[in-house]
$ cat protein-v5.txt   # compact mmCIF, C-alpha atoms
# COMPACT_ATOMS: atom_id res chain seq x y z
CA MET A 1 175.77 13.94 -55.30
CA ILE A 2 174.39 15.70 -58.37
CA LYS A 3 171.19 17.42 -57.27
CA CYS A 4 168.10 17.96 -59.35
CA THR A 5 165.36 19.96 -57.64
CA LEU A 6 161.97 19.25 -59.18
CA VAL A 7 159.70 20.65 -56.47
CA LYS A 8 160.61 23.28 -53.92
CA GLY A 9 159.10 24.49 -50.72
CA LEU A 10 157.09 21.43 -49.69
CA LEU A 11 159.53 20.45 -46.98
CA ASN A 12 162.42 22.02 -45.12
CA ASN A 13 164.73 22.52 -48.09
CA GLU A 14 164.59 18.86 -49.08
CA ILE A 15 165.86 18.09 -52.57
CA PHE A 16 164.93 15.38 -55.04
CA LEU A 17 168.05 13.67 -56.40
CA THR A 18 168.37 11.84 -59.70
CA ASN A 19 172.07 11.02 -59.49
CA ILE A 20 173.14 9.49 -56.20
CA ASN A 21 176.47 8.51 -54.74
CA ASP A 22 176.46 4.68 -54.50
CA GLU A 23 178.04 4.61 -51.04
CA LYS A 24 175.51 7.06 -49.59
CA TYR A 25 172.65 5.17 -51.20
CA THR A 26 173.89 1.83 -49.85
CA GLU A 27 174.43 3.22 -46.36
CA PHE A 28 170.86 4.54 -46.29
CA ILE A 29 169.28 1.30 -47.55
CA LYS A 30 171.28 -0.90 -45.17
CA ASN A 31 170.42 1.18 -42.12
CA HIS A 32 166.75 1.84 -42.79
CA LYS A 33 164.18 -0.45 -41.16
CA HIS A 34 162.59 -1.11 -44.57
CA GLY A 35 165.92 -1.77 -46.32
CA ASN A 36 166.06 -5.07 -48.19
CA MET A 37 168.07 -6.94 -50.79
CA MET A 38 165.82 -5.98 -53.70
CA GLN A 39 166.60 -2.32 -53.09
CA ALA A 40 170.35 -3.06 -52.95
CA ILE A 41 172.53 -1.96 -55.84
CA GLU A 42 173.70 -5.58 -56.01
CA TRP A 43 170.17 -6.67 -56.90
CA SER A 44 170.32 -4.63 -60.10
CA HIS A 45 173.44 -6.64 -61.02
CA ILE A 46 171.45 -9.85 -60.56
CA LYS A 47 168.62 -8.44 -62.73
CA ASN A 48 171.19 -7.53 -65.36
CA THR A 49 168.81 -7.74 -68.32
CA TRP A 50 167.00 -4.72 -66.87
CA GLY A 51 168.05 -1.13 -66.54
CA ALA A 52 168.27 0.43 -63.09
CA ILE A 53 167.47 3.94 -61.92
CA ARG A 54 168.00 5.21 -58.38
CA VAL A 55 166.45 8.43 -57.08
CA ALA A 56 166.29 9.88 -53.59
CA VAL A 57 165.34 12.78 -51.35
CA ALA A 58 168.04 14.49 -49.29
CA ASP A 59 167.55 16.89 -46.39
CA GLU A 60 169.23 20.25 -45.93
CA ASN A 61 172.31 18.51 -44.52
CA ASP A 62 172.69 16.36 -47.63
CA ASN A 63 171.50 13.21 -45.79
CA ILE A 64 169.31 10.80 -47.75
CA ILE A 65 165.88 10.42 -46.14
CA ALA A 66 164.08 8.52 -48.92
CA ALA A 67 165.30 6.44 -51.85
CA VAL A 68 164.26 3.87 -54.39
CA GLN A 69 165.87 1.60 -56.93
CA ILE A 70 163.69 1.09 -59.99
CA LEU A 71 164.18 -1.68 -62.54
CA THR A 72 163.32 -0.52 -66.03
CA ARG A 73 162.45 -2.38 -69.21
CA GLN A 74 160.26 -1.69 -72.25
CA GLY A 75 158.56 1.28 -70.58
CA LEU A 76 157.85 -0.48 -67.29
CA TRP A 77 159.42 1.04 -64.16
CA TYR A 78 159.21 -1.44 -61.29
CA ALA A 79 160.37 -0.93 -57.71
CA PRO A 80 160.46 -4.27 -55.83
CA ARG A 81 159.92 -3.62 -52.11
CA GLY A 82 160.46 0.11 -52.54
CA PRO A 83 160.62 3.08 -52.07
CA ILE A 84 162.49 3.07 -48.78
CA LEU A 85 161.22 5.85 -46.53
CA ASP A 86 159.16 6.61 -43.44
CA TYR A 87 155.59 5.84 -44.56
CA THR A 88 154.15 7.64 -41.53
CA ASN A 89 155.62 10.89 -42.84
CA THR A 90 152.86 11.89 -45.26
CA GLU A 91 154.58 15.12 -46.27
CA LEU A 92 157.75 13.28 -47.28
CA LEU A 93 155.78 10.59 -49.13
CA ASN A 94 153.83 13.22 -51.09
CA PHE A 95 157.04 15.05 -51.99
CA PHE A 96 158.67 11.83 -53.15
CA LEU A 97 155.72 10.61 -55.23
CA THR A 98 155.16 14.01 -56.85
CA ASN A 99 158.77 14.23 -57.95
CA LEU A 100 158.98 10.60 -59.03
CA LYS A 101 155.90 11.06 -61.23
CA LYS A 102 157.37 14.08 -63.01
CA PHE A 103 160.79 12.42 -63.38
CA ALA A 104 159.24 9.22 -64.81
CA LYS A 105 157.24 11.18 -67.36
CA ASP A 106 160.30 13.19 -68.37
CA LYS A 107 162.26 9.95 -68.91
CA GLY A 108 159.59 8.31 -71.05
CA ALA A 109 158.26 5.72 -68.58
CA LYS A 110 154.90 4.23 -69.54
CA MET A 111 154.01 2.74 -66.17
CA VAL A 112 155.51 2.99 -62.68
CA LYS A 113 154.79 0.01 -60.41
CA LEU A 114 155.70 0.37 -56.74
CA ASP A 115 155.59 -2.69 -54.47
CA ILE A 116 156.03 -0.89 -51.17
CA PRO A 117 157.92 -2.53 -48.27
CA THR A 118 155.54 -1.59 -45.48
CA ALA A 119 152.88 -3.93 -44.10
CA ILE A 120 149.19 -3.38 -43.62
CA LYS A 121 149.19 -6.28 -41.16
CA ASP A 122 152.03 -7.91 -39.23
CA GLU A 123 150.99 -10.45 -36.61
CA LYS A 124 151.97 -13.78 -35.13
CA LEU A 125 150.64 -16.73 -37.10
CA ALA A 126 148.41 -17.88 -34.22
CA VAL A 127 146.41 -14.63 -34.16
CA PHE A 128 146.81 -13.34 -37.71
CA LYS A 129 143.32 -14.25 -38.92
CA ASP A 130 141.72 -12.79 -35.79
CA VAL A 131 143.23 -9.31 -36.17
CA GLU A 132 141.16 -6.92 -38.28
CA VAL A 133 142.54 -3.90 -40.14
CA ASP A 134 140.69 -1.07 -41.89
CA ARG A 135 141.14 -1.55 -45.62
CA GLU A 136 138.31 0.74 -46.75
CA HIS A 137 139.50 3.98 -45.14
CA ASN A 138 143.24 3.58 -45.33
CA ASN A 139 145.25 6.83 -45.22
CA LEU A 140 148.29 5.40 -46.99
CA ILE A 141 146.26 4.18 -49.95
CA LYS A 142 144.62 7.63 -50.10
CA VAL A 143 148.04 9.33 -50.34
CA PHE A 144 149.00 7.14 -53.29
CA LYS A 145 145.60 7.69 -54.93
CA ASP A 146 145.93 11.46 -54.55
CA ASN A 147 149.26 11.20 -56.41
CA GLY A 148 147.74 9.29 -59.32
CA TYR A 149 148.59 5.73 -58.23
CA LYS A 150 146.02 2.94 -58.38
CA HIS A 151 146.19 0.30 -55.68
CA LYS A 152 145.98 -3.14 -57.30
CA GLY A 153 144.00 -4.57 -54.41
CA PHE A 154 144.44 -7.03 -51.58
CA SER A 155 144.74 -10.24 -53.56
CA LEU A 156 145.14 -13.54 -51.72
CA ASP A 157 146.56 -15.46 -54.67
CA MET A 158 150.38 -15.42 -54.56
CA SER A 159 150.61 -15.35 -58.36
CA SER A 160 148.57 -12.14 -58.64
CA THR A 161 151.53 -9.92 -57.80
CA ILE A 162 155.18 -9.99 -58.84
CA GLN A 163 156.32 -10.39 -55.23
CA PRO A 164 154.09 -12.31 -52.79
CA ARG A 165 151.94 -10.08 -50.59
CA PHE A 166 152.01 -12.53 -47.68
CA ASN A 167 155.34 -13.58 -46.17
CA THR A 168 156.42 -15.69 -43.21
CA VAL A 169 158.94 -13.65 -41.24
CA THR A 170 160.81 -14.63 -38.09
CA LYS A 171 161.57 -11.62 -35.91
CA LEU A 172 164.93 -12.17 -34.24
CA GLU A 173 163.88 -10.63 -30.92
CA GLN A 174 165.53 -13.40 -28.88
CA GLU A 175 168.59 -15.57 -29.38
CA VAL A 176 168.43 -18.27 -32.03
CA PRO A 177 167.37 -21.05 -31.45
CA ASP A 178 165.84 -20.09 -28.07
CA LEU A 179 163.05 -18.13 -29.77
CA PHE A 180 161.76 -21.25 -31.56
CA PRO A 181 159.05 -23.50 -30.06
CA LYS A 182 160.17 -26.40 -27.89
CA ASP A 183 159.31 -28.92 -30.60
CA THR A 184 161.53 -27.14 -33.12
CA ARG A 185 164.47 -27.05 -30.72
CA ARG A 186 164.01 -30.80 -30.20
CA LEU A 187 164.07 -31.40 -33.97
CA ILE A 188 167.30 -29.41 -34.26
CA ARG A 189 168.88 -31.53 -31.52
CA ASP A 190 167.57 -34.67 -33.23
CA ALA A 191 169.31 -33.69 -36.44
CA GLU A 192 172.60 -33.52 -34.58
CA LYS A 193 171.94 -36.84 -32.84
CA LYS A 194 171.20 -38.43 -36.20
CA PHE A 195 174.62 -37.49 -37.58
CA VAL A 196 173.48 -34.54 -39.69
CA GLU A 197 176.25 -32.03 -40.30
CA VAL A 198 175.37 -28.51 -41.45
CA ARG A 199 178.06 -26.39 -43.07
CA ARG A 200 178.25 -22.86 -44.39
CA CYS A 201 179.51 -23.25 -47.93
CA GLY A 202 180.75 -21.25 -50.89
CA LYS A 203 180.81 -21.65 -54.66
CA GLU A 204 182.91 -24.80 -54.32
CA ASN A 205 179.78 -26.54 -52.97
CA LEU A 206 177.36 -25.12 -55.52
CA ASP A 207 176.88 -28.51 -57.17
CA ASP A 208 175.60 -29.86 -53.85
CA PHE A 209 173.13 -26.99 -53.53
CA LEU A 210 171.95 -27.48 -57.10
CA PHE A 211 171.45 -31.19 -56.43
CA ALA A 212 169.18 -30.43 -53.46
CA LEU A 213 167.32 -27.86 -55.54
CA ALA A 214 166.91 -30.35 -58.39
CA CYS A 215 165.36 -32.83 -55.96
CA THR A 216 162.75 -30.25 -55.03
CA GLU A 217 162.16 -29.30 -58.67
CA LYS A 218 161.52 -32.94 -59.56
CA ARG A 219 159.25 -33.51 -56.58
CA LYS A 220 157.14 -30.39 -57.24
CA ASN A 221 157.39 -30.51 -61.04
CA ILE A 222 158.75 -26.96 -61.21
CA SER A 223 161.75 -25.29 -62.81
CA LEU A 224 163.81 -22.79 -60.84
CA ARG A 225 167.21 -21.25 -61.62
CA GLY A 226 170.42 -22.55 -63.19
CA ARG A 227 174.06 -22.54 -62.14
CA GLU A 228 174.93 -19.19 -63.75
CA TYR A 229 172.25 -17.39 -61.72
CA PHE A 230 173.50 -18.76 -58.40
CA GLU A 231 177.14 -18.14 -59.25
CA ASN A 232 176.23 -14.54 -59.98
CA LEU A 233 174.25 -14.33 -56.74
CA LEU A 234 177.15 -15.61 -54.62
CA ASP A 235 179.72 -13.45 -56.40
CA THR A 236 177.62 -10.30 -56.29
CA PHE A 237 176.47 -10.44 -52.67
CA GLY A 238 179.70 -11.95 -51.35
CA ASP A 239 179.67 -12.37 -47.57
CA ASN A 240 176.00 -11.35 -47.48
CA ALA A 241 175.08 -14.54 -49.36
CA LEU A 242 174.59 -17.36 -46.87
CA LEU A 243 174.69 -20.84 -48.36
CA TYR A 244 174.04 -23.61 -45.85
CA ILE A 245 174.02 -27.30 -46.77
CA SER A 246 173.34 -30.37 -44.63
CA TYR A 247 175.25 -33.60 -45.17
CA ILE A 248 175.49 -37.08 -43.76
CA ASN A 249 178.15 -39.75 -44.14
CA VAL A 250 176.07 -42.92 -44.05
CA GLU A 251 178.97 -45.33 -43.55
CA LYS A 252 180.24 -43.40 -40.54
CA ALA A 253 176.71 -42.99 -39.21
CA VAL A 254 176.04 -46.74 -39.34
CA LYS A 255 179.32 -47.51 -37.58
CA GLU A 256 178.51 -44.96 -34.89
CA CYS A 257 175.00 -46.42 -34.51
CA HIS A 258 176.38 -49.91 -33.91
CA SER A 259 178.92 -48.53 -31.48
CA ARG A 260 176.26 -46.63 -29.53
CA LYS A 261 173.95 -49.61 -29.53
CA GLU A 262 176.63 -51.91 -28.12
CA ALA A 263 177.49 -49.40 -25.41
CA ILE A 264 173.85 -49.04 -24.35
CA GLU A 265 173.29 -52.80 -24.39
CA ASP A 266 176.33 -53.23 -22.15
CA GLU A 267 174.82 -50.64 -19.80
CA ILE A 268 171.49 -52.50 -19.78
CA GLU A 269 173.21 -55.76 -18.99
CA ALA A 270 175.12 -54.14 -16.14
CA LEU A 271 171.88 -52.87 -14.60
CA GLY A 272 170.47 -56.35 -14.20
CA GLU A 273 167.16 -56.12 -12.33
CA LYS A 274 167.97 -52.68 -10.91
CA SER A 275 166.53 -49.33 -12.06
CA PRO A 276 163.63 -50.55 -14.27
CA LYS A 277 162.78 -46.97 -15.27
CA LYS A 278 166.29 -46.29 -16.53
CA LYS A 279 166.30 -49.66 -18.26
CA ARG A 280 163.10 -48.74 -20.18
CA THR A 281 164.70 -45.48 -21.27
CA LEU A 282 167.80 -47.30 -22.51
CA LEU A 283 165.71 -49.88 -24.36
CA GLU A 284 163.85 -47.03 -26.11
CA GLN A 285 167.21 -45.60 -27.15
CA VAL A 286 168.24 -48.96 -28.60
CA ALA A 287 164.97 -49.16 -30.54
CA GLY A 288 165.57 -45.68 -31.94
CA ILE A 289 169.10 -46.59 -33.02
CA GLU A 290 167.86 -49.78 -34.67
CA LYS A 291 165.35 -47.74 -36.69
CA LEU A 292 168.17 -45.48 -37.84
CA ILE A 293 170.27 -48.49 -38.88
CA VAL A 294 167.33 -49.86 -40.89
CA LEU A 295 166.87 -46.45 -42.54
CA PHE A 296 170.54 -46.11 -43.45
CA ASP A 297 170.76 -49.71 -44.70
CA SER A 298 167.70 -49.19 -46.93
CA LEU A 299 169.19 -46.25 -48.78
CA GLU A 300 170.17 -47.05 -52.35
CA ILE A 301 173.44 -45.12 -52.38
CA GLU A 302 176.27 -46.12 -54.66
CA ASP A 303 179.06 -45.13 -52.27
CA LYS A 304 178.02 -44.81 -48.63
CA SER A 305 181.53 -43.73 -47.66
CA LYS A 306 180.97 -40.34 -49.30
CA ASP A 307 179.12 -37.40 -47.78
CA GLN A 308 175.52 -37.29 -48.99
CA VAL A 309 173.60 -34.05 -49.54
CA ILE A 310 170.39 -33.88 -47.52
CA SER A 311 169.14 -30.30 -47.85
CA ALA A 312 170.25 -26.76 -48.56
CA ALA A 313 169.16 -23.13 -48.47
CA ILE A 314 170.55 -19.88 -49.82
CA THR A 315 169.84 -16.61 -48.05
CA ILE A 316 170.67 -12.99 -48.73
CA ALA A 317 171.28 -10.87 -45.62
CA TYR A 318 171.11 -7.16 -46.24
CA GLY A 319 170.94 -4.56 -43.49
CA ASN A 320 168.18 -5.36 -41.02
CA HIS A 321 166.53 -7.93 -43.26
CA ALA A 322 167.43 -11.36 -44.61
CA GLU A 323 165.51 -13.55 -47.00
CA ILE A 324 165.78 -17.28 -47.56
CA ILE A 325 165.24 -17.20 -51.30
CA TYR A 326 165.81 -20.80 -52.42
CA ALA A 327 165.81 -24.12 -50.60
CA GLY A 328 165.89 -27.75 -51.61
CA MET A 329 165.80 -31.19 -50.06
CA ASN A 330 166.71 -34.75 -50.99
CA GLU A 331 163.55 -36.72 -50.20
CA ASP A 332 165.60 -39.90 -49.59
CA PHE A 333 166.49 -38.41 -46.22
CA ALA A 334 163.05 -37.01 -45.35
CA LYS A 335 163.09 -38.79 -41.99
CA LEU A 336 166.10 -36.75 -40.90
CA PRO A 337 165.12 -33.25 -39.66
CA ALA A 338 168.11 -31.69 -41.39
CA GLN A 339 166.33 -28.67 -42.87
CA TYR A 340 165.35 -27.48 -39.38
CA LYS A 341 169.01 -27.19 -38.50
CA VAL A 342 169.81 -25.58 -41.87
CA PHE A 343 167.23 -22.85 -41.23
CA SER A 344 168.28 -22.46 -37.61
CA ASP A 345 171.98 -22.12 -38.44
CA THR A 346 171.12 -19.66 -41.21
CA MET A 347 169.08 -17.49 -38.86
CA LYS A 348 171.74 -17.66 -36.17
CA LYS A 349 174.38 -16.41 -38.60
CA ALA A 350 172.06 -13.66 -39.84
CA GLN A 351 171.47 -12.60 -36.26
CA GLU A 352 175.23 -12.41 -35.67
CA MET A 353 175.41 -10.11 -38.71
CA GLY A 354 172.94 -7.68 -37.14
CA VAL A 355 169.84 -8.82 -39.03
CA LYS A 356 166.57 -8.15 -37.19
CA GLU A 357 164.23 -10.36 -39.20
CA VAL A 358 164.43 -13.29 -41.61
CA SER A 359 161.81 -13.93 -44.26
CA MET A 360 161.19 -17.52 -45.27
CA GLY A 361 159.39 -16.38 -48.40
CA GLY A 362 155.85 -16.01 -49.62
CA ILE A 363 152.71 -18.01 -48.92
CA GLU A 364 149.15 -17.97 -50.18
CA GLY A 365 146.99 -15.33 -48.52
CA ASP A 366 144.36 -17.79 -47.31
CA LEU A 367 147.17 -19.49 -45.33
CA ASN A 368 146.30 -22.83 -46.94
CA ASP A 369 149.88 -23.28 -48.04
CA SER A 370 151.73 -26.57 -48.16
CA LEU A 371 154.93 -25.03 -46.79
CA LEU A 372 153.31 -23.21 -43.88
CA GLY A 373 153.47 -26.30 -41.68
CA PHE A 374 157.27 -26.30 -41.91
CA LYS A 375 157.67 -22.52 -41.72
CA SER A 376 155.39 -22.33 -38.67
CA LYS A 377 158.07 -24.17 -36.70
CA PHE A 378 160.20 -21.00 -36.65
CA ALA A 379 157.84 -18.74 -34.67
CA PRO A 380 156.97 -16.55 -37.66
CA ASN A 381 154.85 -13.49 -38.06
CA ILE A 382 152.62 -13.36 -41.11
CA VAL A 383 153.51 -10.09 -42.81
CA GLU A 384 150.89 -8.85 -45.24
CA TYR A 385 152.27 -6.15 -47.52
CA TYR A 386 150.06 -3.56 -49.22
CA GLY A 387 150.97 -4.93 -52.62
CA GLU A 388 151.37 -2.99 -55.83
CA PHE A 389 150.55 0.60 -56.75
CA ASP A 390 150.49 1.51 -60.44
CA LEU A 391 151.03 4.93 -61.94
CA VAL A 392 149.69 4.67 -65.48
CA ILE A 393 151.37 7.11 -67.87
CA SER A 394 150.46 5.37 -71.13
CA HIS A 395 146.95 3.93 -71.17
CA ILE A 396 147.76 1.88 -74.25
CA PHE A 397 150.70 0.29 -72.44
CA ASN A 398 148.49 -0.36 -69.41
CA LEU A 399 145.91 -2.07 -71.61
CA MET A 400 148.56 -4.27 -73.16
CA TYR A 401 150.14 -5.05 -69.79
CA ASN A 402 146.93 -6.06 -68.04
CA TYR A 403 144.64 -7.40 -70.75
CA GLY A 404 146.19 -7.65 -74.19
CA LEU A 405 149.40 -9.20 -75.40
CA PRO A 406 151.27 -11.79 -73.30
CA LEU A 407 153.74 -9.03 -72.35
CA ARG A 408 152.75 -9.22 -68.72
CA ARG A 409 153.50 -12.93 -68.44
CA LYS A 410 156.87 -12.44 -70.09
CA VAL A 411 157.76 -9.58 -67.76
CA LEU A 412 156.69 -11.54 -64.69
CA LYS A 413 158.74 -14.54 -65.77
CA LEU A 414 161.81 -12.36 -66.27
CA ILE A 415 161.49 -10.48 -63.02
CA LYS A 416 160.33 -13.12 -60.57
CA ARG A 417 163.10 -14.44 -58.36
$ encode --input "protein-v5.txt" --output "structure tokens"
Amino acid sequence: MIKCTLVKGLLNNEIFLTNINDEKYTEFIKNHKHGNMMQAIEWSHIKNTWGAIRVAVADENDNIIAAVQILTRQGLWYAPRGPILDYTNTELLNFFLTNLKKFAKDKGAKMVKLDIPTAIKDEKLAVFKDVEVDREHNNLIKVFKDNGYKHKGFSLDMSSTIQPRFNTVTKLEQEVPDLFPKDTRRLIRDAEKKFVEVRRCGKENLDDFLFALACTEKRKNISLRGREYFENLLDTFGDNALLYISYINVEKAVKECHSRKEAIEDEIEALGEKSPKKKRTLLEQVAGIEKLIVLFDSLEIEDKSKDQVISAAITIAYGNHAEIIYAGMNEDFAKLPAQYKVFSDTMKKAQEMGVKEVSMGGIEGDLNDSLLGFKSKFAPNIVEYYGEFDLVISHIFNLMYNYGLPLRRKVLKLIKR
């Protein structure tokens, strides 16, 4: 690594680095508890219309102990979910911020925006609102303030920050799906009973994913990403990109329904007047199968012999953290709990890869979010991040960014994932 010492003597011979070996950087990010996909080198390849700068602090043994990847464009330096370091180590944080400030000024940055990856509050959904934290006398905010950074506040509106401050995160502290509530495990089993098949897919199934995404776009009247973006995502992250899609073959499902129904009716007939309790259970099963047959028959599908796409999700697993970044669903099959199995299978694979937590994405800070009902089925914590800290180097740029020209909206549109 090429070493550039900007400040000496604050720590035990630690050195600020402005040119880092990619392998050492990646090893540090993947193994740190705060490591995440947006601090991966691969993420800079996804955000390929931006520049990327990586700086770090190394100890006396040449081991990286703090690092950040910063996306740069038009004077803005932005670190999504970074820097990666121990935020309880105030001395290290001060050293890092002091050096980063000088380096940014030397390189002509006009504003440095850090969206740090540590949480001010991390609690189970059921108790999140009841847990109080001290926001007025916060030591971490004071450290940033002392280094010239302004905290942008604890906004509740998801659109107020580039990355959402509030996220639903499932901690994989038990085996998947055992850690989910009983009702969720039942829905996963129901998906299997209703002939839903979930597969891990690659680029060859990208059209199916895009179809599911288009269904969601149409339903919510939103516009997300195109094919080129997702091809790049799958190519760049390789095995760390998890694409799961649920399918059903309606023709086969209907045949199997009739077969099951006939078998159960034969069993009922054989019972005669015996075992009334078992007979009621079997009759309920027949009624359930008949509802499925009605559902399948009502679907306006051109060719029911072909596999139909129900739902899909794409996830990036990186180090200890994974994030489900896009998901879609075909509303024609809303009565099939396919997406529960998609999420479960995704989390199970992530767990096998060594991931410790899976984020299902952002929500509104008041918790009045339309997707929270679904996400709550996966035993999530609500993780409230500190949000953004701005180091203003050019006050004119800051004025333009926050109040003047529509530069801010353009930047947000480019950078949001």
$ atom_distance --input "protein-v5.txt" --atom1 "atom CA of Gly226 of chain A" --atom2 "atom CA of Phe209 of chain A"
11.0 Å
$ closest_residue --input "protein-v5.txt" --among "A:Val294, A:Met37, A:Cys201, A:Leu140" --to "Ile324 of chain A" --atoms "only C-alpha atoms"
A:Met37
$ atom_distance --input "protein-v5.txt" --atom1 "atom CA of Glu388 of chain A" --atom2 "atom CA of Ile314 of chain A"
26.3 Å
$ atom_distance --input "protein-v5.txt" --atom1 "atom CA of Leu206 of chain A" --atom2 "atom CA of Gln308 of chain A"
13.9 Å
$ residues_around --input "protein-v5.txt" --residues "Glu192 of chain A" --least-positions-apart "6" --cutoff "9 Å" --atoms "all atoms listed in the file" --output "list of chain:residue names"
A:Val198, A:Ala338, A:Lys341
$ closest_residue --input "protein-v5.txt" --among "A:Ile15, A:Ala109, A:Ile188, A:Ile29" --to "Leu391 of chain A" --atoms "all atoms listed in the file"
A:Ala109
$ closest_residue --input "protein-v5.txt" --among "A:Gly387, A:Gly75, A:Pro337, A:Gly328" --to "Glu217 of chain A" --atoms "only C-alpha atoms"
A:Gly328
$ closest_residue --input "protein-v5.txt" --among "A:Lys220, A:Arg73, A:Lys356, A:Lys349" --to "Arg199 of chain A" --atoms "all atoms listed in the file"
A:Lys349
$ build_atoms --input "protein-v5.txt" --residues "segment 80-96 of chain A" --atoms "N, CA and C atoms" --output "mmCIF file, in the coordinates of the input"
data_model
loop_
_atom_site.group_PDB
_atom_site.id
_atom_site.type_symbol
_atom_site.label_atom_id
_atom_site.label_comp_id
_atom_site.auth_asym_id
_atom_site.auth_seq_id
_atom_site.Cartn_x
_atom_site.Cartn_y
_atom_site.Cartn_z
ATOM 1 N N PRO A 80 160.772 -3.160 -56.742
ATOM 2 C CA PRO A 80 160.460 -4.270 -55.830
ATOM 3 C C PRO A 80 160.788 -3.888 -54.389
ATOM 4 N N ARG A 81 159.770 -3.948 -53.531
ATOM 5 C CA ARG A 81 159.920 -3.620 -52.110
ATOM 6 C C ARG A 81 160.546 -2.225 -51.932
ATOM 7 N N GLY A 82 160.011 -1.261 -52.646
ATOM 8 C CA GLY A 82 160.460 0.110 -52.540
ATOM 9 C C GLY A 82 159.303 1.041 -52.864
ATOM 10 N N PRO A 83 159.448 2.353 -52.591
ATOM 11 C CA PRO A 83 160.620 3.080 -52.070
ATOM 12 C C PRO A 83 160.884 2.794 -50.590
ATOM 13 N N ILE A 84 162.091 3.184 -50.175
ATOM 14 C CA ILE A 84 162.490 3.070 -48.780
ATOM 15 C C ILE A 84 162.378 4.455 -48.149
ATOM 16 N N LEU A 85 161.426 4.570 -47.232
ATOM 17 C CA LEU A 85 161.220 5.850 -46.530
ATOM 18 C C LEU A 85 160.298 5.612 -45.346
ATOM 19 N N ASP A 86 160.064 6.673 -44.579
ATOM 20 C CA ASP A 86 159.160 6.610 -43.440
ATOM 21 C C ASP A 86 157.732 6.818 -43.955
ATOM 22 N N TYR A 87 156.932 5.763 -43.987
ATOM 23 C CA TYR A 87 155.590 5.840 -44.560
ATOM 24 C C TYR A 87 154.602 6.531 -43.625
ATOM 25 N N THR A 88 155.009 6.849 -42.420
ATOM 26 C CA THR A 88 154.150 7.640 -41.530
ATOM 27 C C THR A 88 154.332 9.129 -41.768
ATOM 28 N N ASN A 89 155.344 9.485 -42.523
ATOM 29 C CA ASN A 89 155.620 10.890 -42.840
ATOM 30 C C ASN A 89 154.926 11.227 -44.167
ATOM 31 N N THR A 90 153.676 11.644 -44.063
ATOM 32 C CA THR A 90 152.860 11.890 -45.260
ATOM 33 C C THR A 90 153.443 12.993 -46.130
ATOM 34 N N GLU A 91 154.016 14.011 -45.508
ATOM 35 C CA GLU A 91 154.580 15.120 -46.270
ATOM 36 C C GLU A 91 155.756 14.653 -47.125
ATOM 37 N N LEU A 92 156.607 13.828 -46.538
ATOM 38 C CA LEU A 92 157.750 13.280 -47.280
ATOM 39 C C LEU A 92 157.278 12.368 -48.400
ATOM 40 N N LEU A 93 156.297 11.520 -48.117
ATOM 41 C CA LEU A 93 155.780 10.590 -49.130
ATOM 42 C C LEU A 93 155.184 11.364 -50.308
ATOM 43 N N ASN A 94 154.404 12.396 -50.016
ATOM 44 C CA ASN A 94 153.830 13.220 -51.090
ATOM 45 C C ASN A 94 154.915 13.872 -51.936
ATOM 46 N N PHE A 95 155.923 14.395 -51.278
ATOM 47 C CA PHE A 95 157.040 15.050 -51.990
ATOM 48 C C PHE A 95 157.731 14.055 -52.910
ATOM 49 N N PHE A 96 157.974 12.870 -52.375
ATOM 50 C CA PHE A 96 158.670 11.830 -53.150
ATOM 51 C C PHE A 96 157.836 11.407 -54.362
#
